[in-house]
Amino acid sequence: MIETPFNYTGSKFKLLEQLLPVFDYTKPYFVDVFAGGGSVYTNVLDKYQKIIVNDIITDLIGIHNSLIQGNDIISETKELCPGKKNPLGFTKLRESYNDTPSPAKLWSLMLSSTNNMMRFNQKFKYNQTYGDRGWNPNTDKKVESFTNHIRQYKDNIRFVSKPFDQIEVSSDKIMFYCDPPYGRIKNDDGSIAKKQISEAGYNAFWKEDDDKRLYDYLKLIDEKGSSFMVSGVLHHDGKTCWMLDKLIQDGYRYQELQFDYNKVSRKGDKSTTEVIITNY
Ligand SMILES: C[S@@+](CC[C@H](N)C(=O)[O-])C[C@H]1O[C@@H](n2cnc3c(N)ncnc32)[C@H](O)[C@@H]1O
C-alpha cells in the first residue's frame, strides 16, 4: 500500500485493507469524489482505466496535480516552510496564504501546523496554529515513493476541484467513492439537525444542505446504473448521522469498519461506528 505524504485528517489509509476488496472493479472508471489526502485514489490506480480526483479545496488538488507533473512544488514548499522554533515565520506564511493562496503555501502550512492538521474558519481563511514542525527526512521518503508511484499513471488521472454534485454522472460505467466530511445528526423526528456528528478542520466547506444534496447525488448515481461506495461515521457518542442512516433504511448494503477511534478521542469513551454503504 502506498502512503501519501500528507498525514491528512480523516485519511482512509488505515482502512484501505477493508475498503479495497469492496470496490466495484467491473467498472472501468473511478471517481474519488472527496479525495482529501488521496490515500484512496493512489491505491486503485492500477485497477481503473481513468480516474477523476476531486476535492473542494482547490489548493489541495493543486498539490496533487503539481506533484504528478514534477518537482517544482517540492522545492518551493521546502523553501516556504518556516521550520522549527519559528512561530513568527508561520504567522507570516499563514497571512501570506490567506492573502494570495497557492498550493505550495498550503502544503507548507499543513506540514508546519499542529498535528499536521489543516483548519479553515467560516470565511475559508486558514486558521490552524503552529505545530513547531516542518519538512523532515521522513517527508522526503514519503514524497519519493508517492511520486514514483502516481507518475506512472499520469495520463490516466484528471484532477478537478468542484463541489461534489458538480461532478457529472455521465454513464453507468463509473465507480464513485464518496468519503465526505462528518454528516449532520438525525433529530428524534427524523429531520436533519444543524450540528455535524463530529468535528474536522474542513467542516467549514460542508454547507447546511450538503447532506441532503449528497443523498440525492447518490440516488442519481444509482438510477444511472453506476456504482457508489460512501463511507462515514454512522453513530458517535449516542448520535446518529442522518444521511447514512437514511441510506441504510432505504435498503442499501452496508458493513461496519473496524477502527478504534477511542484511542484518539480526547474526551473519554465515545463509542463510534464507522460504515461503508454500497449500491452493489
Ligand atoms: C474525510 S475527507 C476525505 C479523506 C480522504 N478520503 C483521504 O483518504 O485522505 C473529506 C474531504 O471532503 C472535502 N470536501 C468538503 N466539502 C466538499 C464538497 N462540497 N465537495 C467536494 N469535496 C468536499 C474536504 O476538503 C475533505 O478533504
# chains A, B, ... in the order shown; residues from 1 in each chain; ligands from 1

$ residues_around --residues "Glu256 in chain A" --least-positions-apart "4" --cutoff "9 Å" --atoms "only C-alpha atoms" --output "VMD selection string"
chain A and resid 273 to 277

$ write_last_selection --atoms "N, CA and C atoms" --output "PDB file, in the first residue's frame"
ATOM      1  N   THR A 273     -19.317   4.138  15.433  1.00  0.00           N
ATOM      2  CA  THR A 273     -19.477   3.116  14.403  1.00  0.00           C
ATOM      3  C   THR A 273     -19.212   3.755  13.053  1.00  0.00           C
ATOM      4  N   GLU A 274     -18.205   3.245  12.349  1.00  0.00           N
ATOM      5  CA  GLU A 274     -17.921   3.749  11.007  1.00  0.00           C
ATOM      6  C   GLU A 274     -18.353   2.679  10.009  1.00  0.00           C
ATOM      7  N   VAL A 275     -19.013   3.119   8.929  1.00  0.00           N
ATOM      8  CA  VAL A 275     -19.561   2.149   7.972  1.00  0.00           C
ATOM      9  C   VAL A 275     -19.180   2.495   6.536  1.00  0.00           C
ATOM     10  N   ILE A 276     -19.301   1.477   5.664  1.00  0.00           N
ATOM     11  CA  ILE A 276     -19.346   1.746   4.229  1.00  0.00           C
ATOM     12  C   ILE A 276     -20.692   1.238   3.723  1.00  0.00           C
ATOM     13  N   ILE A 277     -21.262   1.998   2.800  1.00  0.00           N
ATOM     14  CA  ILE A 277     -22.551   1.628   2.204  1.00  0.00           C
ATOM     15  C   ILE A 277     -22.356   1.579   0.690  1.00  0.00           C
TER      16      ILE A 277
END

$ select_by_dssp --residues "range 88-204 of chain A" --states "strand (DSSP E)" --output "number ranges by chain"
A: 157-160, 174-178, 184-186, 192-196

$ residues_near_ligand --ligand "ligand 1" --cutoff "8 Å" --atoms "only C-alpha atoms and all ligand atoms" --output "JSON list (two decimals) with N, CA and C atoms, in the first residue's frame"
[["chain", "number", "residue", "atom", "x", "y", "z"],
["A", 8, "TYR", "N", -3.15, 13.40, 6.33],
["A", 8, "TYR", "CA", -4.39, 14.16, 6.20],
["A", 8, "TYR", "C", -5.43, 13.73, 7.24],
["A", 9, "THR", "N", -6.09, 14.72, 7.87],
["A", 9, "THR", "CA", -7.15, 14.41, 8.82],
["A", 9, "THR", "C", -8.26, 13.63, 8.11],
["A", 10, "GLY", "N", -8.66, 12.52, 8.69],
["A", 10, "GLY", "CA", -9.73, 11.72, 8.07],
["A", 10, "GLY", "C", -9.22, 10.82, 6.96],
["A", 11, "SER", "N", -7.88, 10.69, 6.84],
["A", 11, "SER", "CA", -7.32, 9.82, 5.80],
["A", 11, "SER", "C", -7.83, 8.39, 5.96],
["A", 12, "LYS", "N", -8.10, 7.75, 4.84],
["A", 12, "LYS", "CA", -8.60, 6.38, 4.89],
["A", 12, "LYS", "C", -7.46, 5.36, 4.79],
["A", 13, "PHE", "N", -6.22, 5.82, 4.93],
["A", 13, "PHE", "CA", -5.09, 4.90, 4.74],
["A", 13, "PHE", "C", -5.21, 3.65, 5.60],
["A", 32, "ASP", "N", -12.79, 9.61, -7.21],
["A", 32, "ASP", "CA", -12.57, 9.86, -5.78],
["A", 32, "ASP", "C", -13.17, 11.24, -5.52],
["A", 33, "VAL", "N", -14.44, 11.25, -5.09],
["A", 33, "VAL", "CA", -15.23, 12.49, -5.07],
["A", 33, "VAL", "C", -14.74, 13.46, -4.00],
["A", 34, "PHE", "N", -14.28, 12.92, -2.88],
["A", 34, "PHE", "CA", -13.78, 13.74, -1.75],
["A", 34, "PHE", "C", -12.35, 13.28, -1.46],
["A", 35, "ALA", "N", -11.42, 13.61, -2.34],
["A", 35, "ALA", "CA", -10.12, 12.93, -2.33],
["A", 35, "ALA", "C", -9.24, 13.25, -1.13],
["A", 36, "GLY", "N", -9.34, 14.45, -0.56],
["A", 36, "GLY", "CA", -8.53, 14.81, 0.61],
["A", 36, "GLY", "C", -7.05, 14.56, 0.38],
["A", 37, "GLY", "N", -6.44, 13.77, 1.25],
["A", 37, "GLY", "CA", -5.02, 13.47, 1.13],
["A", 37, "GLY", "C", -4.71, 12.43, 0.05],
["A", 38, "GLY", "N", -5.73, 11.84, -0.54],
["A", 38, "GLY", "CA", -5.53, 10.99, -1.72],
["A", 38, "GLY", "C", -5.17, 9.53, -1.47],
["A", 39, "SER", "N", -5.32, 9.06, -0.23],
["A", 39, "SER", "CA", -4.95, 7.67, 0.08],
["A", 39, "SER", "C", -5.69, 6.66, -0.79],
["A", 40, "VAL", "N", -6.92, 7.00, -1.15],
["A", 40, "VAL", "CA", -7.73, 6.00, -1.85],
["A", 40, "VAL", "C", -7.39, 5.96, -3.34],
["A", 54, "ASN", "N", -11.16, 14.53, -7.11],
["A", 54, "ASN", "CA", -11.80, 15.81, -6.82],
["A", 54, "ASN", "C", -11.73, 16.15, -5.33],
["A", 55, "ASP", "N", -11.61, 17.43, -5.05],
["A", 55, "ASP", "CA", -11.82, 17.93, -3.68],
["A", 55, "ASP", "C", -12.16, 19.41, -3.81],
["A", 56, "ILE", "N", -12.97, 19.90, -2.89],
["A", 56, "ILE", "CA", -13.41, 21.30, -2.98],
["A", 56, "ILE", "C", -12.25, 22.27, -2.66],
["A", 57, "ILE", "N", -11.23, 21.78, -1.95],
["A", 57, "ILE", "CA", -10.10, 22.67, -1.61],
["A", 57, "ILE", "C", -9.15, 22.72, -2.81],
["A", 161, "SER", "N", -11.46, 20.38, -9.08],
["A", 161, "SER", "CA", -11.84, 20.93, -7.78],
["A", 161, "SER", "C", -13.21, 21.58, -7.90],
["A", 162, "LYS", "N", -14.23, 20.83, -7.51],
["A", 162, "LYS", "CA", -15.62, 21.30, -7.64],
["A", 162, "LYS", "C", -16.41, 20.83, -6.42],
["A", 163, "PRO", "N", -17.53, 21.51, -6.10],
["A", 163, "PRO", "CA", -18.45, 20.91, -5.13],
["A", 163, "PRO", "C", -18.89, 19.55, -5.68],
["A", 164, "PHE", "N", -19.02, 18.56, -4.81],
["A", 164, "PHE", "CA", -19.19, 17.16, -5.26],
["A", 164, "PHE", "C", -20.28, 16.98, -6.31],
["A", 165, "ASP", "N", -21.41, 17.70, -6.14],
["A", 165, "ASP", "CA", -22.53, 17.41, -7.04],
["A", 165, "ASP", "C", -22.38, 18.05, -8.41],
["A", 178, "CYS", "N", -17.23, 7.99, -2.26],
["A", 178, "CYS", "CA", -17.56, 9.23, -1.54],
["A", 178, "CYS", "C", -17.15, 9.12, -0.08],
["A", 179, "ASP", "N", -16.22, 9.95, 0.31],
["A", 179, "ASP", "CA", -15.76, 9.99, 1.70],
["A", 179, "ASP", "C", -15.95, 11.42, 2.22],
["A", 180, "PRO", "N", -17.21, 11.81, 2.45],
["A", 180, "PRO", "CA", -17.50, 13.21, 2.77],
["A", 180, "PRO", "C", -17.06, 13.58, 4.19],
["A", 181, "PRO", "N", -17.07, 14.90, 4.51],
["A", 181, "PRO", "CA", -16.87, 15.31, 5.91],
["A", 181, "PRO", "C", -17.98, 14.71, 6.77],
["A", 182, "TYR", "N", -17.81, 14.77, 8.09],
["A", 182, "TYR", "CA", -18.82, 14.23, 9.00],
["A", 182, "TYR", "C", -20.20, 14.79, 8.67],
["A", 202, "TYR", "N", -11.96, 20.71, 7.93],
["A", 202, "TYR", "CA", -12.54, 21.15, 6.66],
["A", 202, "TYR", "C", -14.06, 21.21, 6.73],
["A", 203, "ASN", "N", -14.64, 21.15, 7.95],
["A", 203, "ASN", "CA", -16.10, 21.20, 8.09],
["A", 203, "ASN", "C", -16.68, 22.51, 7.55],
["A", 204, "ALA", "N", -15.85, 23.58, 7.55],
["A", 204, "ALA", "CA", -16.33, 24.87, 7.04],
["A", 204, "ALA", "C", -16.84, 24.75, 5.61],
["A", 205, "PHE", "N", -16.32, 23.78, 4.89],
["A", 205, "PHE", "CA", -16.69, 23.63, 3.48],
["A", 205, "PHE", "C", -18.00, 22.83, 3.31],
["A", 206, "TRP", "N", -18.49, 22.24, 4.40],
["A", 206, "TRP", "CA", -19.68, 21.39, 4.30],
["A", 206, "TRP", "C", -20.90, 22.23, 4.62],
["A", 207, "LYS", "N", -21.67, 22.58, 3.59],
["A", 207, "LYS", "CA", -22.79, 23.52, 3.77],
["A", 207, "LYS", "C", -24.01, 22.81, 4.38],
["A", 210, "ASP", "N", -25.81, 20.21, 2.38],
["A", 210, "ASP", "CA", -24.97, 19.25, 1.65],
["A", 210, "ASP", "C", -25.31, 17.79, 1.94],
["A", 232, "GLY", "N", -18.44, 6.64, 6.22],
["A", 232, "GLY", "CA", -18.63, 7.69, 7.21],
["A", 232, "GLY", "C", -18.98, 7.15, 8.58]]

$ residues_around --residues "Asn115 in chain A" --least-positions-apart "4" --cutoff "9 Å" --atoms "only C-alpha atoms" --output "ChimeraX atom specification"
/A:7,110-111,131,133

$ atom_distance --atom1 "CA of Phe259 in chain A" --atom2 "CA of Tyr177 in chain A"
19.1 Å

$ residues_around --residues "Gly183 in chain A" --least-positions-apart "2" --cutoff "9 Å" --atoms "only C-alpha atoms" --output "PyMOL selection string"
chain A and resi 180-181+185+195-198+206+210-211+232-234+241-244

$ residues_around --residues "range 68-80 of chain A" --least-positions-apart "2" --cutoff "6 Å" --atoms "only C-alpha atoms" --output "list of chain:residue names"
A:Asn65, A:Ser66, A:Ala104, A:Ser108, A:Arg151

$ write_last_selection --atoms "C-alpha atoms" --output "PDB file, in the first residue's frame"
ATOM      1  CA  ASN A  65      -1.654  17.907  -9.573  1.00  0.00           C
ATOM      2  CA  SER A  66       1.751  19.613  -9.248  1.00  0.00           C
ATOM      3  CA  ALA A 104       2.945  25.321  -2.129  1.00  0.00           C
ATOM      4  CA  SER A 108       3.997  24.320   3.851  1.00  0.00           C
ATOM      5  CA  ARG A 151       3.635   9.451 -12.054  1.00  0.00           C
TER       6      ARG A 151
END

$ closest_residue --among "A:Val143, A:Asp24, A:Ile150, A:Gln18" --to "Gln255 in chain A" --atoms "only C-alpha atoms"
A:Gln18

$ residues_around --residues "Gly134 in chain A" --least-positions-apart "2" --cutoff "12 Å" --atoms "only C-alpha atoms" --output "PyMOL selection string"
chain A and resi 6+77-87+89-90+107-116+130-132+136-140

$ atom_distance --atom1 "CA of Lys224 in chain A" --atom2 "CA of Tyr252 in chain A"
15.7 Å

$ closest_atom_pairs --of "range 158-220 of chain A" --to "range 44-53 of chain A" --cutoff "10 Å" --atoms "only C-alpha atoms" --output "tab-separated table"
residue	atom	partner	partner_atom	distance
A:Arg158	CA	A:Ile52	CA	4.9
A:Phe159	CA	A:Val53	CA	4.8
A:Val160	CA	A:Val53	CA	6.1
A:Ser161	CA	A:Val53	CA	8.2
A:Ile167	CA	A:Ile52	CA	9.3
A:Ile174	CA	A:Ile51	CA	9.4
A:Met175	CA	A:Tyr48	CA	9.3
A:Phe176	CA	A:Ile52	CA	9.4

$ atom_distance --atom1 "CA of Ser191 in chain A" --atom2 "CA of Asn121 in chain A"
26.5 Å

$ closest_residue --among "A:Leu60, A:Thr272, A:Phe146, A:Met117" --to "Lys105 in chain A" --atoms "only C-alpha atoms"
A:Leu60

$ closest_residue --among "A:Leu106, A:Thr4, A:Gly238, A:Arg184" --to "Glu199 in chain A" --atoms "only C-alpha atoms"
A:Arg184

$ decode --residues "range 119-132 of chain A" --atoms "N, CA, C and O atoms" --output "mmCIF file, in the first residue's frame"
data_model
loop_
_atom_site.group_PDB
_atom_site.id
_atom_site.type_symbol
_atom_site.label_atom_id
_atom_site.label_comp_id
_atom_site.auth_asym_id
_atom_site.auth_seq_id
_atom_site.Cartn_x
_atom_site.Cartn_y
_atom_site.Cartn_z
ATOM 1 N N ARG A 119 -6.880 23.649 9.021
ATOM 2 C CA ARG A 119 -8.153 24.124 9.572
ATOM 3 C C ARG A 119 -8.493 25.472 8.941
ATOM 4 O O ARG A 119 -7.622 26.334 8.808
ATOM 5 N N PHE A 120 -9.741 25.609 8.519
ATOM 6 C CA PHE A 120 -10.211 26.865 7.925
ATOM 7 C C PHE A 120 -11.368 27.400 8.758
ATOM 8 O O PHE A 120 -12.155 26.623 9.292
ATOM 9 N N ASN A 121 -11.476 28.752 8.821
ATOM 10 C CA ASN A 121 -12.637 29.305 9.518
ATOM 11 C C ASN A 121 -13.812 29.428 8.543
ATOM 12 O O ASN A 121 -13.700 29.038 7.378
ATOM 13 N N GLN A 122 -14.912 29.966 9.027
ATOM 14 C CA GLN A 122 -16.132 30.028 8.204
ATOM 15 C C GLN A 122 -15.953 30.905 6.962
ATOM 16 O O GLN A 122 -16.711 30.801 6.011
ATOM 17 N N LYS A 123 -14.924 31.772 6.993
ATOM 18 C CA LYS A 123 -14.670 32.613 5.796
ATOM 19 C C LYS A 123 -13.635 31.954 4.898
ATOM 20 O O LYS A 123 -13.038 32.596 4.038
ATOM 21 N N PHE A 124 -13.361 30.674 5.149
ATOM 22 C CA PHE A 124 -12.393 29.887 4.360
ATOM 23 C C PHE A 124 -10.966 30.400 4.493
ATOM 24 O O PHE A 124 -10.136 30.204 3.604
ATOM 25 N N LYS A 125 -10.680 31.090 5.589
ATOM 26 C CA LYS A 125 -9.306 31.531 5.843
ATOM 27 C C LYS A 125 -8.625 30.468 6.708
ATOM 28 O O LYS A 125 -9.230 29.954 7.656
ATOM 29 N N TYR A 126 -7.356 30.176 6.384
ATOM 30 C CA TYR A 126 -6.599 29.176 7.142
ATOM 31 C C TYR A 126 -6.374 29.703 8.559
ATOM 32 O O TYR A 126 -5.902 30.834 8.731
ATOM 33 N N ASN A 127 -6.717 28.925 9.582
ATOM 34 C CA ASN A 127 -6.561 29.444 10.947
ATOM 35 C C ASN A 127 -5.961 28.419 11.919
ATOM 36 O O ASN A 127 -6.099 28.567 13.120
ATOM 37 N N GLN A 128 -5.310 27.387 11.375
ATOM 38 C CA GLN A 128 -4.682 26.419 12.285
ATOM 39 C C GLN A 128 -3.436 27.040 12.949
ATOM 40 O O GLN A 128 -2.822 27.955 12.397
ATOM 41 N N THR A 129 -3.088 26.506 14.130
ATOM 42 C CA THR A 129 -1.962 27.054 14.883
ATOM 43 C C THR A 129 -0.633 26.364 14.503
ATOM 44 O O THR A 129 -0.625 25.286 13.900
ATOM 45 N N TYR A 130 0.450 26.981 14.924
ATOM 46 C CA TYR A 130 1.806 26.499 14.619
ATOM 47 C C TYR A 130 2.114 25.229 15.416
ATOM 48 O O TYR A 130 1.862 25.172 16.623
ATOM 49 N N GLY A 131 2.644 24.225 14.746
ATOM 50 C CA GLY A 131 2.921 22.953 15.420
ATOM 51 C C GLY A 131 4.399 22.706 15.674
ATOM 52 O O GLY A 131 4.783 21.602 16.083
ATOM 53 N N ASP A 132 5.249 23.713 15.445
ATOM 54 C CA ASP A 132 6.696 23.590 15.662
ATOM 55 C C ASP A 132 7.253 22.367 14.919
ATOM 56 O O ASP A 132 7.953 21.541 15.484
#
